[in-house]
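The block underneath contains the structure these notes are about, expressed in structure tokens.
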Amino acid sequence: MMLPKQGLRILVSGTASDSHTWNLVFLQLFLEEQGHPVTNLGPCVGADLLAAECLEHRPELVVLSSVNGHGYRDGLTAVTRLRREHTLDDMPVVIGGKLGVAGSRDPEAAQRLRSAGCRAVYDDGDLNALRDLVTELADARGRRVSA
């Protein structure tokens, strides 16, 4: 028996020092149009609040977004805090947007984010890659549910 495909529970959040809002609204709409229920925490979300919301909502994916260029620093703090919660160990976290102030990609910083626990780093805001990952996660969950 094939179960109906349901969207992933996704939590979208800005980083601690990023007060930009429209990127978060855009991401929410982008993900909802693909059939995923989204909780949008908004801008300026500190690591402790993010962890508390993840413990409460139990998202199947966390999408962090930065526009101000401090995404690497804030994202590292956020994902490190999330990984201290052992019940969130396997929760996928991705980050994207303008992650550095230098205006160029920093492969070493991106690797530090992945090593800290980010599943993917989209320092160019690659929506196609995000869509592909969301589809992959939803398909994998569907296979686990129907097995």
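Please note that chains go A, B, ... in the order of the structure tokens, that every chain numbers its residues from 1, and that ligands are numbered from 1 in the order shown.
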
Pro107 in chain A: which residues within 12 Å, counting only C-alpha atoms, same-chain residues fewer than 4 positions away excluded, as a PyMOL selection string?
chain A and resi 72+99-100+111-114+121-124

Only N, CA, C and O atoms, please: the residues just picked out, written as a short mmCIF file (atom, residue, chain, number, x, y, z; two decimals), in the first residue's frame.
```
data_model
loop_
_atom_site.label_atom_id
_atom_site.label_comp_id
_atom_site.auth_asym_id
_atom_site.auth_seq_id
_atom_site.Cartn_x
_atom_site.Cartn_y
_atom_site.Cartn_z
N TYR A 72 28.45 32.62 8.36
CA TYR A 72 29.40 31.59 8.78
C TYR A 72 29.56 31.60 10.29
O TYR A 72 29.42 30.57 10.95
N LEU A 99 27.03 34.50 3.31
CA LEU A 99 27.59 33.94 4.54
C LEU A 99 28.88 34.60 4.99
O LEU A 99 29.35 34.36 6.10
N GLY A 100 29.49 35.42 4.15
CA GLY A 100 30.72 36.10 4.52
C GLY A 100 30.71 37.54 4.05
O GLY A 100 30.02 37.89 3.09
N GLN A 111 33.54 24.28 5.08
CA GLN A 111 33.91 22.96 5.62
C GLN A 111 33.76 22.94 7.14
O GLN A 111 33.33 21.93 7.70
N ARG A 112 34.08 24.03 7.81
CA ARG A 112 33.89 24.09 9.27
C ARG A 112 32.40 23.94 9.62
O ARG A 112 32.06 23.27 10.58
N LEU A 113 31.54 24.58 8.83
CA LEU A 113 30.11 24.44 9.06
C LEU A 113 29.65 22.99 8.86
O LEU A 113 28.88 22.46 9.66
N ARG A 114 30.15 22.36 7.80
CA ARG A 114 29.78 20.95 7.56
C ARG A 114 30.32 20.06 8.68
O ARG A 114 29.63 19.16 9.17
N VAL A 121 25.86 23.60 2.77
CA VAL A 121 26.16 25.02 2.89
C VAL A 121 25.97 25.62 1.50
O VAL A 121 26.67 25.25 0.56
N TYR A 122 24.99 26.52 1.39
CA TYR A 122 24.68 27.16 0.12
C TYR A 122 25.11 28.63 0.19
O TYR A 122 24.30 29.52 0.35
N ASP A 123 26.41 28.84 0.07
CA ASP A 123 26.88 30.21 0.21
C ASP A 123 26.62 31.05 -1.03
O ASP A 123 26.98 32.21 -1.08
N ASP A 124 25.94 30.49 -1.98
CA ASP A 124 25.51 31.27 -3.14
C ASP A 124 23.98 31.29 -3.23
O ASP A 124 23.42 31.74 -4.21
#
```

At a cut-off of 12 Å, using only C-alpha atoms, what residues contact Asp18 in chain A? Leave out same-chain residues fewer than 4 positions from it and give the result as a list of chain:residue names.
A:Ser13, A:Gly14, A:Trp22, A:Asn23, A:Leu24, A:Gly42, A:Pro43, A:Cys44, A:Val45, A:Gly46, A:Leu64, A:Ser65, A:Ser66, A:Val67, A:Asn68, A:Gly69, A:His70, A:Gly71, A:Tyr72, A:Arg73, A:Asp74, A:Gly75, A:Gly97, A:Lys98, A:Leu99

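For the pair CA of Pro59 in chain A and CA of Ile95 in chain A, the separation is 15.0 Å.
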
I'd like the contact shell of Thr80 in chain A - 7 Å cut-off, only C-alpha atoms, skipping same-chain residues fewer than 4 positions apart - returned as a PyMOL selection string.
chain A and resi 76+84+116

Just the selected residues (C-alpha atoms), exported as a CSV table (one decimal), in the first residue's frame, please.
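part.csv was written with the following content:
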```csv
chain,number,residue,atom,x,y,z
A,76,LEU,CA,28.6,27.9,13.3
A,84,ARG,CA,24.7,19.7,21.9
A,116,ALA,CA,30.1,21.1,12.9
```

DSSP helix (DSSP H, G or I) selection over chain A, as a PyMOL selection string
chain A and resi 22-32+47-57+71-83+86-88+107-116+127-146

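One distance worth recording is that between CA of Thr135 in chain A and CA of Leu41 in chain A, which is 22.2 Å.
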